[in-house]
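*Asks:* Could you have a look at this structure, given as structure tokens, before my questions?
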Amino acid sequence: MANRYLYTLQLSYLNNQTISIINNSKSVITRIPNTNGLLADPTDRDNLALLQHIKNGCSSNISSTTETFEQLVTSKLASLWTVKQTIKGEGGYGYVVSVPGLKDKGGDEKFKLRTSNCFLHGLFKGFLIEIEHLDDDIDQDDVPEGNNLIVKFTNSINKIKSLIDLYKFPEGNLCFNVLNETKLDYLSDLCQQYCDALQF
């Protein structure tokens, strides 16, 4: 049987969400629900169904502990996957920067940068920079689909490369692979890019 790989990613700014990539082809996004709201209104139909699942043992976060999907996989399902090492990011910062001269129509291009020091078993392994191009040209209500989404993604990659060249970022792994080129998904693709970047 071929090796089966499971990567999980938890980021502090994603608020209890875990992104999991299975064999570099499928992704699962899980989140521990906030049971305070559920317990406040147990008569709501959706809340009632979720509460029933939680009471049946699907999550232990009604008690004093919370079990994330990653903890479940590590403690109970570890034998299904090839053992992978845990990489921890510490000392991270986030920035929003406006860069003049990169926009075709004039004006500033905006980027969101997040940085983190990466450690493997307590040893420093590298400095990670996550760069997200913020495209103001497309309204939030006007979500691009199909080829338009691919064009937008390609345009963002080119803008990120221009930013890296302009500010002479140190050379490293520039990762922008996606799980499925015809169905882009921000969180799943972000996890895939982290997996590629953190191959020490």
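Numbering starts fresh at 1 for the residues of each chain in the structure tokens, the chains themselves are lettered A, B, ... in the order given, and ligands are numbered from 1 as they appear.
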For stretch 115-117 of chain A, list every protein, DNA or RNA residue within 6 Å, evaluated using only C-alpha atoms, and leave out those in the same chain fewer than 2 positions away; present the list as a list in words.
*Replies:*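 Here the answer would be Gly89, Glu90, Gly91, Gly92, Tyr93, Phe127, Leu128 and Ile129 of chain A.
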*Asks:* For each of A:Thr182, A:Ser75, A:Gln193, A:Ser12, take the minimum atom-to-atom distance to A:Asn24, counting only C-alpha atoms, then give the residue where this is smallest.
*Replies:*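 Between A:Thr182, A:Ser75, A:Gln193, A:Ser12, the residue approaching A:Asn24 most closely is A:Gln193.
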*Asks:* Any idea what the distance is between atom CA of A:Cys195 and atom CA of A:Tyr7?
*Replies:*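 Pair atom CA of A:Cys195 / atom CA of A:Tyr7 returns 7.2 Å.
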*Asks:* Any idea what the distance is between atom CA of A:Val97 and atom CA of A:Glu109?
*Replies:*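 The value is 8.2 Å.
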*Asks:* Which residue is closest to A:Leu187? Choose from A:Thr30, A:Asn23, A:Ser98, A:Thr82 and count only C-alpha atoms.
*Replies:*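 Answer, going by the shortest atom-to-atom distance: A:Thr30.
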*Asks:* List every residue of stretch 81-123 of chain A that has an atom at most 9 Å from any atom of stretch 153-177 of chain A, giving for each one its closest atom pair and the distance in Å to one decimal, counting only C-alpha atoms, sorted by chain and then by ascending residue number, as a Markdown table.
*Replies:*
| residue | atom | partner | partner_atom | distance |
| --- | --- | --- | --- | --- |
| A:Val99 | CA | A:Leu163 | CA | 8.0 |
| A:Leu102 | CA | A:Lys159 | CA | 7.1 |
| A:Lys103 | CA | A:Lys159 | CA | 8.5 |
| A:Glu109 | CA | A:Lys159 | CA | 8.3 |
| A:Phe111 | CA | A:Ile160 | CA | 8.2 |
*Asks:* Go ahead and dump the residues you just picked, C-alpha atoms, as a PDB file, in the first residue's frame.
*Replies:*
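Heads up, here's the output in again37.pdb:
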ATOM      1  CA  VAL A  99       3.089  49.453  -2.646  1.00  0.00           C
ATOM      2  CA  LEU A 102       2.800  47.912  -9.188  1.00  0.00           C
ATOM      3  CA  LYS A 103      -0.771  48.698 -10.231  1.00  0.00           C
ATOM      4  CA  GLU A 109      -1.244  47.591  -4.717  1.00  0.00           C
ATOM      5  CA  PHE A 111      -0.663  43.070   0.248  1.00  0.00           C
TER       6      PHE A 111
END
*Asks:* Atom CA of A:Gly94 and atom CA of A:Arg114 are how many Å apart?
*Replies:*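 Rounded to one decimal, the two atoms are 4.3 Å apart.
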